[in-house]
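> File query05.txt below, compact mmCIF, C-alpha atoms:
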# COMPACT_ATOMS: atom_id res chain seq x y z
CA GLU N 1 -0.68 -10.39 -15.83
CA PRO N 2 0.48 -12.19 -12.67
CA GLU N 3 -1.28 -11.18 -9.48
CA VAL N 4 -0.92 -11.54 -5.76
CA THR N 5 -3.80 -13.68 -4.54
CA GLN N 6 -5.25 -13.77 -1.04
CA THR N 7 -7.66 -15.99 0.88
CA PRO N 8 -10.10 -15.63 2.46
CA SER N 9 -11.59 -12.46 1.02
CA HIS N 10 -13.62 -11.95 4.17
CA GLN N 11 -13.47 -13.59 7.60
CA VAL N 12 -15.52 -13.01 10.70
CA THR N 13 -14.00 -14.29 13.94
CA GLN N 14 -14.71 -14.18 17.64
CA MET N 15 -12.46 -12.08 19.82
CA GLY N 16 -9.62 -14.20 21.20
CA GLN N 17 -9.64 -16.66 18.31
CA GLU N 18 -6.68 -17.34 16.06
CA VAL N 19 -6.81 -16.29 12.42
CA ILE N 20 -4.59 -17.25 9.51
CA LEU N 21 -4.62 -15.16 6.37
CA ARG N 22 -3.09 -16.69 3.29
CA CYS N 23 -1.33 -15.19 0.31
CA VAL N 24 0.29 -16.42 -2.85
CA PRO N 25 2.81 -13.81 -4.00
CA ILE N 26 3.83 -13.36 -7.62
CA SER N 27 6.03 -16.32 -8.45
CA ASN N 28 9.38 -14.69 -9.24
CA HIS N 29 9.16 -12.13 -6.44
CA LEU N 30 11.60 -12.23 -3.56
CA TYR N 31 10.16 -9.76 -1.06
CA PHE N 32 6.85 -10.23 0.69
CA TYR N 33 4.84 -7.88 2.84
CA TRP N 34 1.73 -7.54 4.93
CA TYR N 35 -0.03 -4.23 5.25
CA ARG N 36 -3.30 -3.39 6.91
CA GLN N 37 -5.93 -0.72 6.39
CA ILE N 38 -8.48 0.12 9.03
CA LEU N 39 -11.72 1.27 7.42
CA GLY N 40 -11.39 4.80 6.10
CA GLN N 41 -7.75 5.15 7.06
CA LYS N 42 -4.42 4.89 5.31
CA VAL N 43 -2.56 1.71 4.48
CA GLU N 44 -0.06 0.80 7.22
CA PHE N 45 3.03 -1.38 6.99
CA LEU N 46 3.10 -4.45 9.23
CA VAL N 47 6.04 -6.62 8.18
CA SER N 48 8.44 -7.42 5.38
CA PHE N 49 9.91 -10.85 4.69
CA TYR N 50 12.95 -11.76 2.63
CA ASN N 51 15.15 -14.83 2.38
CA ASN N 52 12.88 -16.75 4.77
CA GLU N 53 13.05 -14.27 7.59
CA ILE N 54 11.50 -11.06 8.77
CA SER N 55 13.53 -8.13 7.48
CA GLU N 56 11.53 -5.34 9.11
CA LYS N 57 8.42 -4.98 11.23
CA SER N 58 6.38 -2.09 12.54
CA GLU N 59 5.21 -1.34 16.07
CA ILE N 60 1.83 -2.78 15.14
CA PHE N 61 3.41 -6.19 14.50
CA ASP N 62 3.62 -7.31 18.13
CA ASP N 63 3.91 -10.78 19.64
CA GLN N 64 0.40 -11.79 18.63
CA PHE N 65 1.37 -11.59 14.95
CA SER N 66 3.57 -14.02 13.06
CA VAL N 67 4.38 -14.74 9.43
CA GLU N 68 5.47 -17.88 7.72
CA ARG N 69 6.36 -19.16 4.31
CA PRO N 70 5.51 -22.82 4.81
CA ASP N 71 6.26 -23.87 1.24
CA GLY N 72 7.53 -22.37 -1.98
CA SER N 73 4.36 -20.49 -2.80
CA ASN N 74 2.32 -19.50 0.26
CA PHE N 75 2.95 -16.63 2.66
CA THR N 76 0.76 -16.49 5.75
CA LEU N 77 -0.08 -14.01 8.47
CA LYS N 78 -1.24 -15.44 11.78
CA ILE N 79 -2.96 -13.43 14.47
CA ARG N 80 -2.87 -15.52 17.63
CA SER N 81 -5.58 -13.97 19.79
CA THR N 82 -7.64 -11.47 17.87
CA LYS N 83 -8.82 -8.20 19.38
CA LEU N 84 -11.62 -5.92 18.23
CA GLU N 85 -9.06 -3.41 17.00
CA ASP N 86 -7.58 -6.01 14.64
CA SER N 87 -10.63 -5.55 12.41
CA ALA N 88 -9.21 -4.23 9.15
CA MET N 89 -8.41 -5.08 5.56
CA TYR N 90 -5.12 -6.98 5.41
CA PHE N 91 -3.18 -6.67 2.19
CA CYS N 92 -0.42 -9.01 1.14
CA ALA N 93 2.11 -7.58 -1.29
CA SER N 94 5.18 -8.72 -3.12
CA CYS N 95 8.10 -7.17 -4.92
CA GLU N 96 10.66 -8.51 -7.34
CA GLY N 97 13.30 -6.24 -5.84
CA THR N 98 13.01 -3.19 -8.08
CA ASN N 99 10.84 -1.07 -5.79
CA THR N 100 7.47 -1.68 -7.46
CA ILE N 101 5.22 -3.37 -4.93
CA TYR N 102 2.10 -5.22 -6.06
CA PHE N 103 -0.83 -5.67 -3.71
CA GLY N 104 -3.34 -8.47 -3.42
CA GLU N 105 -7.08 -7.88 -3.26
CA GLY N 106 -7.06 -8.00 0.52
CA SER N 107 -8.62 -10.07 3.27
CA TRP N 108 -11.27 -8.24 5.23
CA LEU N 109 -11.12 -9.34 8.89
CA THR N 110 -14.00 -8.58 11.21
CA VAL N 111 -13.50 -9.38 14.90
CA VAL N 112 -16.72 -9.55 16.94
CA GLY Z 1 10.91 6.95 10.86
CA GLU Z 2 9.42 8.30 7.67
CA ASN Z 3 6.33 10.49 7.84
CA VAL Z 4 4.28 11.31 4.74
CA GLU Z 5 1.68 14.06 4.71
CA GLN Z 6 -0.88 14.39 1.95
CA HIS Z 7 -3.22 17.22 0.91
CA PRO Z 8 -6.03 17.75 0.26
CA SER Z 9 -8.03 15.02 1.96
CA THR Z 10 -10.92 15.53 -0.49
CA LEU Z 11 -10.95 17.07 -3.92
CA SER Z 12 -13.89 17.69 -6.23
CA VAL Z 13 -13.32 18.70 -9.83
CA GLN Z 14 -15.47 19.03 -12.91
CA GLU Z 15 -14.94 16.50 -15.66
CA GLY Z 16 -12.19 17.71 -17.95
CA ASP Z 17 -10.48 19.82 -15.31
CA SER Z 18 -7.09 19.04 -13.79
CA ALA Z 19 -6.50 17.64 -10.32
CA VAL Z 20 -3.37 18.09 -8.21
CA ILE Z 21 -2.54 16.18 -5.05
CA LYS Z 22 0.50 17.07 -2.97
CA CYS Z 23 2.64 15.09 -0.55
CA THR Z 24 5.59 15.87 1.65
CA TYR Z 25 7.99 13.41 3.25
CA SER Z 26 10.40 13.70 6.14
CA ASP Z 27 13.23 11.24 5.50
CA SER Z 28 15.76 12.63 3.05
CA ALA Z 29 17.01 9.07 2.44
CA SER Z 30 13.71 8.09 0.79
CA ASN Z 31 14.28 7.49 -2.89
CA TYR Z 32 11.13 5.92 -4.29
CA PHE Z 33 7.72 7.58 -4.49
CA PRO Z 34 4.77 5.63 -5.88
CA TRP Z 35 1.17 6.74 -6.25
CA TYR Z 36 -1.66 4.28 -5.76
CA LYS Z 37 -5.30 4.51 -6.76
CA GLN Z 38 -7.77 2.66 -4.58
CA GLU Z 39 -11.40 2.12 -5.47
CA LEU Z 40 -13.83 1.25 -2.72
CA GLY Z 41 -13.12 -2.19 -1.29
CA LYS Z 42 -10.34 -2.88 -3.78
CA ARG Z 43 -6.59 -3.22 -3.65
CA PRO Z 44 -4.30 -0.20 -4.04
CA GLN Z 45 -3.18 -0.13 -7.67
CA LEU Z 46 0.04 1.49 -8.73
CA ILE Z 47 -0.62 4.24 -11.27
CA ILE Z 48 2.76 5.93 -11.48
CA ASP Z 49 6.01 6.09 -9.58
CA ILE Z 50 9.13 8.19 -9.53
CA ARG Z 51 12.62 7.65 -8.27
CA SER Z 52 14.77 10.32 -6.71
CA ASN Z 53 17.11 10.62 -9.68
CA VAL Z 54 14.23 11.98 -11.78
CA GLY Z 55 12.36 15.27 -11.35
CA GLU Z 56 9.27 14.54 -13.42
CA LYS Z 57 7.57 11.58 -15.03
CA LYS Z 58 4.52 11.49 -17.27
CA ASP Z 59 2.22 8.72 -18.43
CA GLN Z 60 -0.61 9.91 -20.66
CA ARG Z 61 -2.93 12.02 -18.45
CA ILE Z 62 -0.95 11.40 -15.28
CA ALA Z 63 2.27 13.09 -14.22
CA VAL Z 64 4.31 13.17 -11.05
CA THR Z 65 6.85 15.80 -10.03
CA LEU Z 66 9.47 15.49 -7.32
CA ASN Z 67 11.36 18.23 -5.50
CA LYS Z 68 14.04 16.52 -3.43
CA THR Z 69 15.29 19.72 -1.87
CA ALA Z 70 11.88 20.61 -0.52
CA LYS Z 71 10.99 16.95 0.08
CA HIS Z 72 7.69 17.10 -1.71
CA PHE Z 73 6.09 15.40 -4.68
CA SER Z 74 2.84 15.90 -6.51
CA LEU Z 75 0.40 13.98 -8.68
CA HIS Z 76 -1.19 15.77 -11.61
CA ILE Z 77 -4.17 14.35 -13.47
CA THR Z 78 -5.27 16.23 -16.57
CA GLU Z 79 -8.58 15.97 -18.44
CA THR Z 80 -10.19 14.17 -15.53
CA GLN Z 81 -12.90 11.60 -16.20
CA PRO Z 82 -15.56 10.12 -13.91
CA GLU Z 83 -13.59 6.87 -13.73
CA ASP Z 84 -10.74 8.78 -12.11
CA SER Z 85 -12.93 9.07 -9.00
CA ALA Z 86 -11.21 7.08 -6.23
CA VAL Z 87 -8.92 7.50 -3.24
CA TYR Z 88 -5.34 8.30 -4.18
CA PHE Z 89 -2.45 7.52 -1.85
CA CYS Z 90 1.09 8.74 -2.14
CA ALA Z 91 3.88 6.75 -0.53
CA ALA Z 92 7.59 6.95 0.12
CA SER Z 93 10.26 4.36 0.72
CA LYS Z 94 13.99 3.78 0.70
CA GLU Z 95 15.49 0.64 -0.67
CA SER Z 96 17.19 -1.55 1.90
CA GLY Z 97 18.73 -5.01 1.94
CA GLY Z 98 15.42 -6.58 2.86
CA GLY Z 99 13.32 -4.83 0.29
CA ASN Z 100 11.53 -1.60 1.03
CA LYS Z 101 8.72 -0.53 3.27
CA LEU Z 102 6.15 1.89 1.95
CA THR Z 103 4.98 4.70 4.20
CA PHE Z 104 1.65 5.94 2.93
CA GLY Z 105 0.02 9.32 3.07
CA THR Z 106 -3.46 9.68 4.48
CA GLY Z 107 -5.16 9.61 1.09
CA THR Z 108 -7.13 12.00 -1.11
CA GLN Z 109 -10.71 11.26 -2.06
CA LEU Z 110 -11.03 12.53 -5.62
CA LYS Z 111 -14.49 13.04 -7.03
CA VAL Z 112 -14.90 13.93 -10.68
CA GLU Z 113 -18.31 15.43 -11.31
CA LEU Z 114 -20.14 15.44 -14.63
Take the structure in this file and express it as structure tokens.

Amino acid sequence: EPEVTQTPSHQVTQMGQEVILRCVPISNHLYFYWYRQILGQKVEFLVSFYNNEISEKSEIFDDQFSVERPDGSNFTLKIRSTKLEDSAMYFCASCEGTNTIYFGEGSWLTVV
Amino acid sequence: GENVEQHPSTLSVQEGDSAVIKCTYSDSASNYFPWYKQELGKRPQLIIDIRSNVGEKKDQRIAVTLNKTAKHFSLHITETQPEDSAVYFCAASKESGGGNKLTFGTGTQLKVEL
């Protein structure tokens, strides 16, 4: 069964450093997403991406965040200057367009 | 925007009993309601979903009901087993031109005791 894959699985970074989280969505999917989950809390929407542009973003997705699809397979989330409160599990997800959204295994980001 | 509330936050049942988790949503335009199971440190996994043109859907021991008028939907797990222990999240979304954004509930920690 095809899966959404994410790298790295875990990253520790110094406050103020830039982080890039990478994702390979399911190959025939058209819609891509990033969600995050702070430890012990619910999953929160960050951004959706369709047709090579952001289609929707949440209040969390401020100027320090950006997304990119640099080639035909990868989908990245960049956090420009990390803060302590950015520590969370970041999930990439993709959707063919029929509502069902499939999540990757997550990238656990720890900012120290 | 959409707001999804979920109850209870924790639920303990004996193996073999049924478990029911309830969610309410605020946006009457929402039309898709998935349920995800999340084991510790793992990805949310879709276990069942329902669309607003259907009132009930069943898949083996799992069923979901939807009341559009009252804007609430519920997950029912029958004959619970220890491997059902996990956090369950409900979610709601409405389809838009750019895909759909899931708004999650706060989760229910289900513990199935032997």
> May I have a table of the residues of chain N lying at most 8 Å from chain Z, giving each one's closest pair of atoms and their distance in Å to one decimal, counting only C-alpha atoms, ordered by chain and ascending residue number, as a tab-separated table?

residue	atom	partner	partner_atom	distance
N:Tyr31	CA	Z:Gly99	CA	6.0
N:Gln41	CA	Z:Thr106	CA	6.8
N:Lys42	CA	Z:Thr106	CA	5.0
N:Val43	CA	Z:Phe104	CA	6.2
N:Glu44	CA	Z:Phe104	CA	6.9
N:Phe45	CA	Z:Leu102	CA	6.8
N:Ser48	CA	Z:Lys101	CA	7.2
N:Phe49	CA	Z:Gly98	CA	7.2
N:Tyr50	CA	Z:Gly98	CA	5.7
N:Ser55	CA	Z:Gly98	CA	5.2
N:Glu56	CA	Z:Gly98	CA	7.5
N:Phe91	CA	Z:Arg43	CA	7.6
N:Cys95	CA	Z:Gly99	CA	7.7
N:Gly97	CA	Z:Gly99	CA	6.3
N:Asn99	CA	Z:Asn100	CA	6.9
N:Thr100	CA	Z:Pro34	CA	8.0
N:Tyr102	CA	Z:Gln45	CA	7.5
N:Phe103	CA	Z:Arg43	CA	6.3
N:Gly104	CA	Z:Arg43	CA	6.2
N:Glu105	CA	Z:Arg43	CA	4.7
N:Gly106	CA	Z:Arg43	CA	6.4
> Please compute the atom CA of Thr24 of chain Z-atom CA of Thr69 of chain Z distance, one decimal, in Å.
11.0 Å
> Record the distance separating atom CA of Lys22 of chain Z and atom CA of Glu83 of chain Z, expressed in Å with one decimal.
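Atom CA of Lys22 of chain Z sits 20.5 Å away from atom CA of Glu83 of chain Z.
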> Counting all atoms listed in the file, find the residues whose atoms lie at most 8 Å from (-2.7, 18.9, -8.5) (file coordinates) and write them out as a compact mmCIF listing (two decimals) with C-alpha atoms, in the frame of the given file.

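Final output, selection-v6.txt:
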# COMPACT_ATOMS: atom_id res chain seq x y z
CA SER Z 18 -7.09 19.04 -13.79
CA ALA Z 19 -6.50 17.64 -10.32
CA VAL Z 20 -3.37 18.09 -8.21
CA ILE Z 21 -2.54 16.18 -5.05
CA LYS Z 22 0.50 17.07 -2.97
CA SER Z 74 2.84 15.90 -6.51
CA LEU Z 75 0.40 13.98 -8.68
CA HIS Z 76 -1.19 15.77 -11.61
CA ILE Z 77 -4.17 14.35 -13.47
> In Å, with one decimal, what is the gap from atom CA of Leu66 of chain Z to atom CA of Trp35 of chain Z?
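Separating atom CA of Leu66 of chain Z from atom CA of Trp35 of chain Z is a distance of 12.1 Å.
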> Would you kindly identify which residues have an atom no farther than 12 Å from (3.5, -20.8, 4.9), using all atoms listed in the file and the file's own coordinates, and write them out as a list in words?
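Output: Ile20, Leu21, Arg22, Cys23, Val24, Pro25, Phe32, Phe49, Asn52, Glu53, Ser66, Val67, Glu68, Arg69, Pro70, Asp71, Gly72, Ser73, Asn74, Phe75, Thr76, Leu77 and Lys78 of chain N.
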> Choose the residue, out of N:Val112, N:Lys57, N:Leu84, N:Gln11, that has the smallest atom-to-atom separation from Tyr35 of chain N; count all atoms listed in the file.
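With all atoms listed in the file as the atom set, the closest residue is N:Lys57.
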> Just the residues within 9 Å of Gln17 of chain N, please, counting all atoms listed in the file, with nothing from its chain fewer than 6 positions along; format it as number ranges by chain.
N: 79-83, 111
> I'd like the box whose edges run along x, y and z of the file and which contains every listed atom of segment 68-77 of chain N, padded by 8 Å per side; could you state its centre and edge lengths in Å, one decimal, as AutoDock Vina command-line options?

--center_x 3.7 --center_y -18.9 --center_z 2.8 --size_x 23.6 --size_y 25.9 --size_z 27.3
> Would you mind telling me which residue in N:Glu1, N:Asp63, N:Asp86, N:Glu96 lies nearest to Gln14 of chain N when using all atoms listed in the file?
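Between N:Glu1, N:Asp63, N:Asp86, N:Glu96, the residue approaching Gln14 of chain N most closely is N:Asp86.
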> Quick one: of Z:Glu15, Z:Glu56, Z:Lys71, Z:Thr78, who's nearest to Ala92 of chain Z, counting all atoms listed in the file?
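Going through Z:Glu15, Z:Glu56, Z:Lys71, Z:Thr78 one by one, the smallest distance to Ala92 of chain Z is for Z:Lys71.
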> Any idea what's packed within 12 Å of Val112 of chain Z, counting all atoms listed in the file, ignoring anything in its chain fewer than 3 positions away? Could you give it as a ChimeraX atom specification?
/Z:10-19,77-87,109
> I'd like to know which of Z:Tyr25, Z:Leu114, Z:Tyr88, Z:Gln60 is closest to Glu39 of chain Z, using all atoms listed in the file.
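Looking only at the distances to Glu39 of chain Z, the closest residue turns out to be Z:Tyr88.
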> Can you sort out segment 33-66 of chain Z so it carries N, CA and C atoms, written as an mmCIF file, in the frame of the given file?

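Result file is result30.cif:
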data_model
loop_
_atom_site.group_PDB
_atom_site.id
_atom_site.type_symbol
_atom_site.label_atom_id
_atom_site.label_comp_id
_atom_site.auth_asym_id
_atom_site.auth_seq_id
_atom_site.Cartn_x
_atom_site.Cartn_y
_atom_site.Cartn_z
ATOM 1 N N PHE Z 33 8.982 6.910 -4.835
ATOM 2 C CA PHE Z 33 7.720 7.580 -4.490
ATOM 3 C C PHE Z 33 6.629 7.110 -5.444
ATOM 4 N N PRO Z 34 5.867 6.107 -5.029
ATOM 5 C CA PRO Z 34 4.770 5.630 -5.880
ATOM 6 C C PRO Z 34 3.453 6.315 -5.528
ATOM 7 N N TRP Z 35 2.542 6.297 -6.477
ATOM 8 C CA TRP Z 35 1.170 6.740 -6.250
ATOM 9 C C TRP Z 35 0.237 5.568 -6.532
ATOM 10 N N TYR Z 36 -0.705 5.369 -5.610
ATOM 11 C CA TYR Z 36 -1.660 4.280 -5.760
ATOM 12 C C TYR Z 36 -3.071 4.847 -5.829
ATOM 13 N N LYS Z 37 -3.876 4.187 -6.652
ATOM 14 C CA LYS Z 37 -5.300 4.510 -6.760
ATOM 15 C C LYS Z 37 -6.073 3.369 -6.114
ATOM 16 N N GLN Z 38 -7.006 3.699 -5.249
ATOM 17 C CA GLN Z 38 -7.770 2.660 -4.580
ATOM 18 C C GLN Z 38 -9.262 2.939 -4.727
ATOM 19 N N GLU Z 39 -9.942 2.041 -5.391
ATOM 20 C CA GLU Z 39 -11.400 2.120 -5.470
ATOM 21 C C GLU Z 39 -11.987 1.396 -4.270
ATOM 22 N N LEU Z 40 -13.204 1.727 -3.949
ATOM 23 C CA LEU Z 40 -13.830 1.250 -2.720
ATOM 24 C C LEU Z 40 -13.775 -0.272 -2.613
ATOM 25 N N GLY Z 41 -13.178 -0.754 -1.540
ATOM 26 C CA GLY Z 41 -13.120 -2.190 -1.290
ATOM 27 C C GLY Z 41 -12.119 -2.950 -2.133
ATOM 28 N N LYS Z 42 -11.297 -2.216 -2.887
ATOM 29 C CA LYS Z 42 -10.340 -2.880 -3.780
ATOM 30 C C LYS Z 42 -8.908 -2.678 -3.308
ATOM 31 N N ARG Z 43 -8.008 -3.352 -3.977
ATOM 32 C CA ARG Z 43 -6.590 -3.220 -3.650
ATOM 33 C C ARG Z 43 -6.046 -1.884 -4.126
ATOM 34 N N PRO Z 44 -4.999 -1.366 -3.480
ATOM 35 C CA PRO Z 44 -4.300 -0.200 -4.040
ATOM 36 C C PRO Z 44 -3.611 -0.624 -5.338
ATOM 37 N N GLN Z 45 -3.788 0.175 -6.379
ATOM 38 C CA GLN Z 45 -3.180 -0.130 -7.670
ATOM 39 C C GLN Z 45 -2.192 0.958 -8.027
ATOM 40 N N LEU Z 46 -1.001 0.544 -8.350
ATOM 41 C CA LEU Z 46 0.040 1.490 -8.730
ATOM 42 C C LEU Z 46 -0.337 2.179 -10.033
ATOM 43 N N ILE Z 47 -0.302 3.510 -10.030
ATOM 44 C CA ILE Z 47 -0.620 4.240 -11.270
ATOM 45 C C ILE Z 47 0.615 4.925 -11.851
ATOM 46 N N ILE Z 48 1.519 5.316 -11.013
ATOM 47 C CA ILE Z 48 2.760 5.930 -11.480
ATOM 48 C C ILE Z 48 3.730 5.979 -10.321
ATOM 49 N N ASP Z 49 5.003 5.962 -10.628
ATOM 50 C CA ASP Z 49 6.010 6.090 -9.580
ATOM 51 C C ASP Z 49 7.191 6.901 -10.091
ATOM 52 N N ILE Z 50 7.964 7.402 -9.158
ATOM 53 C CA ILE Z 50 9.130 8.190 -9.530
ATOM 54 C C ILE Z 50 10.261 7.897 -8.569
ATOM 55 N N ARG Z 51 11.452 7.871 -9.107
ATOM 56 C CA ARG Z 51 12.620 7.650 -8.270
ATOM 57 C C ARG Z 51 13.381 8.960 -8.119
ATOM 58 N N SER Z 52 14.224 9.023 -7.099
ATOM 59 C CA SER Z 52 14.770 10.320 -6.710
ATOM 60 C C SER Z 52 15.798 10.869 -7.696
ATOM 61 N N ASN Z 53 16.177 10.095 -8.686
ATOM 62 C CA ASN Z 53 17.110 10.620 -9.680
ATOM 63 C C ASN Z 53 16.376 11.288 -10.853
ATOM 64 N N VAL Z 54 15.051 11.393 -10.716
ATOM 65 C CA VAL Z 54 14.230 11.980 -11.780
ATOM 66 C C VAL Z 54 13.365 13.071 -11.162
ATOM 67 N N GLY Z 55 13.162 14.175 -11.884
ATOM 68 C CA GLY Z 55 12.360 15.270 -11.350
ATOM 69 C C GLY Z 55 10.901 15.222 -11.778
ATOM 70 N N GLU Z 56 10.643 14.568 -12.905
ATOM 71 C CA GLU Z 56 9.270 14.540 -13.420
ATOM 72 C C GLU Z 56 9.094 13.282 -14.265
ATOM 73 N N LYS Z 57 7.889 12.755 -14.216
ATOM 74 C CA LYS Z 57 7.570 11.580 -15.030
ATOM 75 C C LYS Z 57 6.127 11.699 -15.478
ATOM 76 N N LYS Z 58 5.875 11.338 -16.728
ATOM 77 C CA LYS Z 58 4.520 11.490 -17.270
ATOM 78 C C LYS Z 58 4.087 10.199 -17.933
ATOM 79 N N ASP Z 59 2.809 9.878 -17.773
ATOM 80 C CA ASP Z 59 2.220 8.720 -18.430
ATOM 81 C C ASP Z 59 0.815 9.097 -18.844
ATOM 82 N N GLN Z 60 0.666 9.492 -20.091
ATOM 83 C CA GLN Z 60 -0.610 9.910 -20.660
ATOM 84 C C GLN Z 60 -1.176 11.083 -19.847
ATOM 85 N N ARG Z 61 -2.307 10.900 -19.154
ATOM 86 C CA ARG Z 61 -2.930 12.020 -18.450
ATOM 87 C C ARG Z 61 -2.383 12.220 -17.033
ATOM 88 N N ILE Z 62 -1.458 11.363 -16.644
ATOM 89 C CA ILE Z 62 -0.950 11.400 -15.280
ATOM 90 C C ILE Z 62 0.521 11.817 -15.280
ATOM 91 N N ALA Z 63 0.872 12.681 -14.362
ATOM 92 C CA ALA Z 63 2.270 13.090 -14.220
ATOM 93 C C ALA Z 63 2.587 13.216 -12.746
ATOM 94 N N VAL Z 64 3.834 12.992 -12.422
ATOM 95 C CA VAL Z 64 4.310 13.170 -11.050
ATOM 96 C C VAL Z 64 5.566 14.032 -11.093
ATOM 97 N N THR Z 65 5.660 14.965 -10.159
ATOM 98 C CA THR Z 65 6.850 15.800 -10.030
ATOM 99 C C THR Z 65 7.451 15.587 -8.652
ATOM 100 N N LEU Z 66 8.754 15.706 -8.569
ATOM 101 C CA LEU Z 66 9.470 15.490 -7.320
ATOM 102 C C LEU Z 66 10.452 16.629 -7.096
#
